[in-house]
Structure formats: structure tokens, C-alpha cells
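Student: To be precise about what I am sending: the file is called coords_23.txt and holds compact mmCIF, C-alpha atoms.
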```
# COMPACT_ATOMS: atom_id res chain seq x y z
CA MET Z 123 127.02 71.11 6.62
CA ALA Z 124 128.17 74.70 6.11
CA VAL Z 125 125.72 75.38 3.30
CA GLU Z 126 122.75 74.27 5.40
CA ILE Z 127 123.82 76.69 8.15
CA LEU Z 128 124.28 79.44 5.58
CA ARG Z 129 120.84 78.83 4.12
CA GLN Z 130 119.27 79.08 7.57
CA GLU Z 131 121.18 82.14 8.70
CA LEU Z 132 121.27 84.22 5.52
CA GLY Z 133 117.73 85.31 6.26
CA SER Z 134 117.94 88.67 4.48
CA ALA Z 135 119.83 87.59 1.40
CA ALA Z 136 119.60 91.23 0.29
CA ALA Z 137 122.05 92.26 3.04
CA PRO Z 138 124.14 95.12 1.56
CA TRP Z 139 127.42 93.50 2.57
CA LEU Z 140 126.64 90.51 0.37
CA ALA Z 141 125.88 92.60 -2.73
CA PRO Z 142 129.37 92.27 -4.30
CA TYR Z 143 129.08 88.49 -4.01
CA SER Z 144 125.56 88.09 -5.38
CA PRO Z 145 124.19 86.21 -7.20
CA GLY Z 146 127.17 83.92 -6.63
CA VAL Z 147 126.27 83.29 -2.97
CA HIS Z 148 122.78 82.12 -3.90
CA GLU Z 149 123.98 80.00 -6.82
CA ILE Z 150 126.53 78.22 -4.66
CA VAL Z 151 124.09 77.67 -1.81
CA ARG Z 152 121.66 76.16 -4.31
CA ASP Z 153 124.27 74.01 -6.05
CA ALA Z 154 125.77 72.80 -2.79
CA GLU Z 155 122.52 71.29 -1.53
CA SER Z 156 123.60 67.85 -2.66
CA THR Z 157 127.37 68.29 -2.69
CA SER Z 158 130.25 69.86 -0.75
CA VAL Z 159 131.37 73.45 -0.41
CA VAL Z 160 134.55 72.53 -2.31
CA ALA Z 161 132.63 71.07 -5.24
CA ALA Z 162 130.20 73.98 -5.35
CA LEU Z 163 133.01 76.56 -5.33
CA ASN Z 164 134.87 74.72 -8.09
CA ALA Z 165 131.69 74.57 -10.18
CA ALA Z 166 131.20 78.31 -9.72
CA ARG Z 167 134.74 79.17 -10.76
CA THR Z 168 134.15 78.03 -14.33
CA ASP Z 169 132.33 81.33 -14.92
CA ARG Z 170 134.98 83.49 -13.27
CA SER Z 171 138.69 84.18 -13.57
CA THR Z 172 140.33 82.70 -10.48
CA GLN Z 173 143.99 83.13 -11.40
CA GLY Z 174 144.26 79.37 -11.93
CA ILE Z 175 143.17 78.66 -8.37
CA ARG Z 176 140.98 75.69 -7.52
CA PHE Z 177 139.53 74.50 -4.22
CA VAL Z 178 140.47 71.24 -2.52
CA GLU Z 179 139.49 69.45 0.67
CA GLN Z 180 141.34 70.46 3.82
CA SER Z 181 142.89 66.98 3.97
CA ALA Z 182 144.98 67.85 0.87
CA LEU Z 183 147.08 70.28 2.94
CA VAL Z 184 150.49 68.68 3.45
CA ALA Z 185 151.33 68.11 7.12
CA GLY Z 186 153.82 70.68 8.32
CA GLU Z 187 153.46 72.95 5.28
CA PRO Z 188 152.02 76.40 5.99
CA TYR Z 189 148.62 77.05 4.42
CA GLU Z 190 149.87 80.08 2.43
CA SER Z 191 152.91 78.19 1.14
CA PHE Z 192 150.73 75.31 0.00
CA ILE Z 193 148.49 77.67 -2.00
CA ALA Z 194 151.49 79.38 -3.58
CA ARG Z 195 153.05 76.04 -4.55
CA THR Z 196 149.96 74.18 -5.78
CA ALA Z 197 147.41 76.89 -6.72
CA CYS Z 198 144.96 74.97 -4.53
CA VAL Z 199 143.01 76.44 -1.61
CA PRO Z 200 142.33 73.94 1.21
CA THR Z 201 138.68 74.39 2.17
CA ARG Z 202 136.66 73.11 5.11
CA GLU Z 203 132.92 72.55 5.30
CA ASN Z 204 132.18 75.74 7.23
CA ILE Z 205 130.93 79.29 6.75
CA HIS Z 206 134.38 80.82 7.22
CA ASP Z 207 135.90 78.90 4.33
CA PHE Z 208 132.78 79.32 2.21
CA PHE Z 209 133.21 83.09 2.37
CA ASN Z 210 136.95 82.75 1.74
CA GLY Z 211 136.07 80.93 -1.46
CA MET Z 212 133.55 83.61 -2.45
CA VAL Z 213 136.21 86.29 -2.06
CA TRP Z 214 138.63 84.24 -4.19
CA LEU Z 215 135.97 84.03 -6.90
CA THR Z 216 135.25 87.76 -6.80
CA TYR Z 217 138.69 89.25 -6.05
CA PRO Z 218 141.15 86.69 -7.45
CA HIS Z 219 143.97 89.15 -8.29
CA THR Z 220 143.78 90.68 -4.82
CA LYS Z 221 143.76 87.30 -3.08
CA ARG Z 222 146.63 86.15 -5.27
CA GLN Z 223 148.66 89.24 -4.36
CA LEU Z 224 148.04 88.63 -0.66
CA ASN Z 225 149.17 85.04 -1.06
CA VAL Z 226 152.33 85.99 -2.98
CA LEU Z 227 153.32 88.39 -0.21
CA GLN Z 228 152.42 85.94 2.57
CA ALA Z 229 154.34 83.08 0.95
CA GLY Z 230 157.31 85.37 0.34
CA GLN Z 231 157.46 86.27 4.02
CA LEU Z 232 157.39 82.59 4.96
CA VAL Z 233 160.32 81.90 2.64
CA LEU Z 234 162.30 84.76 4.18
CA HIS Z 235 161.46 84.26 7.84
CA GLY Z 236 159.88 80.82 8.26
CA SER Z 237 156.64 80.09 10.08
CA SER Z 238 158.05 80.20 13.62
CA GLY Z 239 159.13 83.21 15.61
CA PRO Z 240 157.84 86.80 15.31
CA ARG Z 241 155.46 87.36 12.42
CA GLY Z 242 156.52 90.92 11.68
CA ALA Z 243 154.53 93.97 10.61
CA LEU Z 244 153.94 92.85 7.03
CA ARG Z 245 152.55 89.40 7.88
CA ASP Z 246 150.33 90.93 10.56
CA ALA Z 247 148.95 93.47 8.09
CA LEU Z 248 148.37 90.79 5.45
CA THR Z 249 146.37 88.71 7.94
CA ILE Z 250 144.32 91.73 9.03
CA PHE Z 251 143.55 92.56 5.41
CA ASP Z 252 142.63 89.00 4.47
CA GLU Z 253 140.39 88.44 7.48
CA ASN Z 254 138.85 91.82 8.33
CA ALA Z 255 139.37 94.44 5.62
CA ALA Z 256 136.69 96.55 3.98
CA LEU Z 257 137.40 98.51 0.81
CA LEU Z 258 136.14 102.09 0.69
CA GLN Z 259 135.92 104.38 -2.32
CA ALA Z 260 134.21 107.58 -1.18
CA PRO Z 261 134.01 111.38 -1.51
CA ALA Z 262 136.79 113.30 0.24
CA GLU Z 263 134.41 114.64 2.90
CA LEU Z 264 133.65 111.13 4.12
CA ILE Z 265 137.30 110.06 4.06
CA GLU Z 266 138.31 113.14 6.06
CA ALA Z 267 135.57 112.56 8.65
CA LEU Z 268 136.62 108.92 8.99
CA HIS Z 269 140.24 109.94 9.55
CA ARG Z 270 139.05 112.26 12.36
CA ARG Z 271 136.73 109.61 13.85
CA ASP Z 272 134.09 112.31 13.49
CA TRP Z 273 131.17 109.89 13.49
CA LYS Z 274 128.39 112.46 13.58
CA THR Z 275 129.73 114.20 10.48
CA LEU Z 276 130.49 110.88 8.78
CA PHE Z 277 127.09 109.31 9.34
CA ILE Z 278 124.70 112.22 9.96
CA GLY Z 279 126.07 115.54 8.66
CA GLU Z 280 127.32 114.04 5.38
CA ARG Z 281 124.85 111.17 5.27
CA GLN Z 282 123.69 111.91 1.74
CA LEU Z 283 127.24 111.44 0.39
CA TRP Z 284 127.12 107.72 1.15
CA SER Z 285 125.04 107.30 -1.99
CA SER Z 286 128.23 108.19 -3.90
CA ALA Z 287 130.44 105.82 -1.89
CA ARG Z 288 131.28 102.17 -2.45
CA LEU Z 289 132.04 99.95 0.53
CA VAL Z 290 132.99 96.32 -0.08
CA ILE Z 291 133.48 93.83 2.76
CA PHE Z 292 136.58 91.91 1.71
CA GLY Z 293 137.64 90.03 4.84
CA HIS Z 294 136.03 86.61 4.98
CA ALA Z 295 136.04 86.56 8.80
CA LEU Z 296 134.22 89.90 8.70
CA LEU Z 297 131.62 88.47 6.33
CA GLU Z 298 131.17 85.58 8.74
CA LYS Z 299 130.65 87.96 11.68
CA LEU Z 300 127.97 89.82 9.73
CA MET Z 301 125.91 86.65 9.57
CA LYS Z 302 124.87 87.71 13.08
CA PRO Z 303 124.87 91.54 12.87
CA ARG Z 304 125.68 93.58 15.98
CA LYS Z 305 126.53 97.23 16.37
CA ALA Z 306 130.14 96.74 17.50
CA ILE Z 307 131.35 94.87 14.39
CA THR Z 308 134.25 96.95 13.09
CA ALA Z 309 136.17 96.70 9.83
CA HIS Z 310 139.75 97.67 9.05
CA VAL Z 311 139.04 100.05 6.18
CA TRP Z 312 141.44 100.28 3.25
CA ILE Z 313 140.93 103.47 1.25
CA VAL Z 314 141.05 103.03 -2.53
CA ASP Z 315 140.26 105.11 -5.59
CA ASP Z 316 138.62 102.12 -7.24
CA VAL Z 317 137.17 98.97 -5.65
CA SER Z 318 137.82 96.82 -8.73
CA ASP Z 319 139.92 93.70 -8.27
CA ALA Z 320 142.88 94.90 -10.34
CA ALA Z 321 143.02 98.28 -8.61
CA VAL Z 322 142.85 96.83 -5.11
CA ALA Z 323 145.55 94.26 -5.93
CA ALA Z 324 147.80 97.07 -7.19
CA SER Z 325 147.31 98.99 -3.94
CA LEU Z 326 148.72 96.11 -1.87
CA THR Z 327 152.34 97.18 -1.69
CA PRO Z 328 154.55 95.97 1.17
CA GLU Z 329 155.28 99.58 2.10
CA ARG Z 330 151.65 100.59 2.50
CA LEU Z 331 150.72 97.36 4.27
CA GLN Z 332 153.56 97.64 6.78
CA ALA Z 333 152.42 101.19 7.57
CA LYS Z 334 149.07 99.61 8.56
CA SER Z 335 147.10 102.41 6.97
CA PHE Z 336 143.78 100.96 8.07
CA LEU Z 337 140.94 103.04 9.52
CA PRO Z 338 138.37 101.59 11.95
CA LEU Z 339 134.77 101.66 10.76
CA PRO Z 340 131.73 100.25 12.64
CA VAL Z 341 130.17 99.00 9.42
CA LEU Z 342 126.57 98.80 10.66
CA GLY Z 343 126.65 102.57 11.08
CA VAL Z 344 126.74 102.94 7.29
CA PRO Z 345 123.45 104.43 6.04
CA GLY Z 346 121.24 101.76 4.53
CA TRP Z 347 123.16 98.91 6.12
CA TRP Z 348 121.05 98.49 9.26
CA ASP Z 349 117.60 99.86 10.01
CA ALA Z 350 118.56 100.79 13.56
CA ASN Z 351 120.90 103.53 12.35
CA ASN Z 352 117.99 105.54 10.93
CA ASP Z 353 117.68 106.88 14.49
CA ALA Z 354 120.39 109.51 15.08
CA GLY Z 355 120.68 108.29 18.68
CA PHE Z 356 122.24 105.09 17.32
CA TYR Z 357 125.53 106.97 17.05
CA ASP Z 358 125.53 108.16 20.68
CA ASP Z 359 126.96 104.85 21.86
CA VAL Z 360 130.53 105.84 22.77
CA THR Z 361 131.52 102.24 23.41
CA VAL Z 362 131.29 101.73 19.63
CA PHE Z 363 131.65 105.22 18.11
CA ARG Z 364 134.76 106.28 19.99
CA SER Z 365 136.53 109.59 19.55
```
Spit out the file's structure as C-alpha cells when you get a sec.
Tutor:
Amino acid sequence: MAVEILRQELGSAAAPWLAPYSPGVHEIVRDAESTSVVAALNAARTDRSTQGIRFVEQSALVAGEPYESFIARTACVPTRENIHDFFNGMVWLTYPHTKRQLNVLQAGQLVLHGSSGPRGALRDALTIFDENAALLQAPAELIEALHRRDWKTLFIGERQLWSSARLVIFGHALLEKLMKPRKAITAHVWIVDDVSDAAVAASLTPERLQAKSFLPLPVLGVPGWWDANNDAGFYDDVTVFRS
């Protein structure tokens, strides 16, 4: 069962990347001990605005209907008993307006172009955002260094500025990867002025998404996110921190 795996692997439940989803993660893990991920997520949503969304078993997905179209039509999110879908549900509970905006755009593209053939720049960007995005609100010095891929300035020279930054792991596949942390895990960073749900949803315009204005960030280089990066030599690995 996904929750049993999660309970075993969470280990350090204080992991910084889980902070935006706590205490919800722990409540759901506790409540799901004797039930399913779907039931636990639905129980948790009573205390949160989910834009009318509820969670259903994967078997509810109509054969031949795209996943995104089904959600748009029914306001139901098909959910499997695994870690990937557990984190997808947690993001829905925490960022419902943003997830809803992603779904509206995805479903709209399917209406226009169908599910076969080339996906196009917008659908590609929507998938990247949904699966692997991280939201970053930070001082200008950090944003500029990230644009330059100037890792030493970003993580060492301006290290103290990270205390004024907010980094939220949004992509549920990225959250899943961080269950087994490794240096090379890289997020597609989306720069925002505000990491709140409403502000992020408003930033998701087709024009900006199609421009793919993502920046790569090896997230375990962020100060305080992994003990190993307290050693400045951590950033000398050019296979990860590339110019």
C-alpha cells in the first residue's frame, strides 16, 4: 500500500521540501492506515478548499477518455494506491487554484488538438510544470545568479539571502524523487513574486508557459535542504552544477 511505503521512507518527516504540505502529509498517512489513499485524501479535503475536486479510484476513469479531460468534465481526480498519486493529491489540497488552472489549460488543448499527434509547446510546458516545477520567490540577487547559472554566487556568495527566499516543490513527480534524495535532482523553477495559490495560478498564462521560462535548479544545493551542502566542495561537481 502506498501509505505504508510512505511511512517507511519518509524517515525525516521534517524534510524542508515537505514543509508546505505539513501537517497534512502526516495526518493523511495516519488516517490512511486502515483505509485507501483515495479515502484519506477525500477526508482531508473537508478542511481545505479544493475547487470542488474530489478523489476517485483509478477504475473510475472512462476507457479512452484522457485523464485531464475526465477531471475537467467530472471534477474527479483518478488516484492510484501509490506515492506518485498520493503527492498529486497533496498538491491538489494545497494548491487547488493552480492545479485547476493547469487542468483547464490541458483540457482546452485536448479539445483543440485531440490526444494524438504532436503535443505542442503549451501541453509540454503544462506537463513539466505539473510534474517537476518548483516555485521560487527570492531576492533579486539570487534570481540573477540563477539566470546566470552562477552556482557559487547563488549558493555560497549570497548564501545568507536564502533565509529571505521561499522555495516550494510543486511537481508531484519531483516530490516523489525527493523521497530518495540525491544531488542530481533538478527542478524546473518558476519565478514568482508570491508563492500563494492564487498568485501562482494567475501566473500560469499560455504565453508564459509556451515560452518555457523555467530555470534549472539542483534543489539539494539549497542551503538548509541537505547537510552535505554545508561543505563548499559540494558545489564543485560540474556534472550537476553546470555552467
Student: Taking into account all atoms listed in the file, which residue in the set Z:Ala287, Z:Ala185, Z:Leu297, Z:Ala256 is nearest to Gly211 (chain Z)?
Tutor: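 Checking each candidate against Gly211 (chain Z), we get Z:Leu297 as the closest.
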Student: With distances taken over only C-alpha atoms, which of Z:Asp315, Z:Glu179, Z:Glu190, Z:Asp349 is nearest to Asn204 (chain Z)?
Tutor: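 Among Z:Asp315, Z:Glu179, Z:Glu190, Z:Asp349, it is Z:Glu179 that comes nearest to Asn204 (chain Z).
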Student: Hey, can you check how far CA of Met301 (chain Z) sits from CA of Val314 (chain Z)?
Tutor: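 Separating CA of Met301 (chain Z) from CA of Val314 (chain Z) is a distance of 25.4 Å.
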Student: Which one is closest to Leu264 (chain Z): Z:Leu339, Z:Gly355, Z:Val184, Z:Thr249? Count all atoms listed in the file.
Tutor: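 Among the listed residues, Z:Leu339 lies closest to Leu264 (chain Z).
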Student: Which polymer residues have any atom within 9 Å of an atom of Ser181 (chain Z), counting only C-alpha atoms, with same-chain residues fewer than 5 positions away left out, as JSON, numbers by chain?
Tutor: {"Z": [200, 201, 202]}
Student: Please, what distance in Å, to one decimal, runs between CA of Ala333 (chain Z) and CA of His206 (chain Z)?
Tutor: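 CA of Ala333 (chain Z) sits 27.2 Å away from CA of His206 (chain Z).
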Student: Choose the residue, out of Z:Val233, Z:Ala295, Z:Val311, Z:Leu276, that has the smallest atom-to-atom separation from Val344 (chain Z); count only C-alpha atoms.
Tutor: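 Looking only at the distances to Val344 (chain Z), the closest residue turns out to be Z:Leu276.
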Student: Given all atoms listed in the file as the basis, pick out the residue of Z:Tyr189, Z:Phe292, Z:Trp347, Z:Phe277 nearest to Lys221 (chain Z).
Tutor: Z:Phe292
Student: Give me, as a list in words, all polymer residues having an atom no more than 12 Å from Pro142 (chain Z), counting only C-alpha atoms and skipping those fewer than 4 positions away in the same chain.
Tutor: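 Answer for this query is Ala136, Ala137, Pro138, Gly146, Val147, Phe209, Met212, Val213, Leu215, Thr216, Tyr217, Ala256, Leu257, Arg288, Leu289, Val290, Ile291, Phe292, Leu297, Val317, Ser318 and Asp319 of chain Z.
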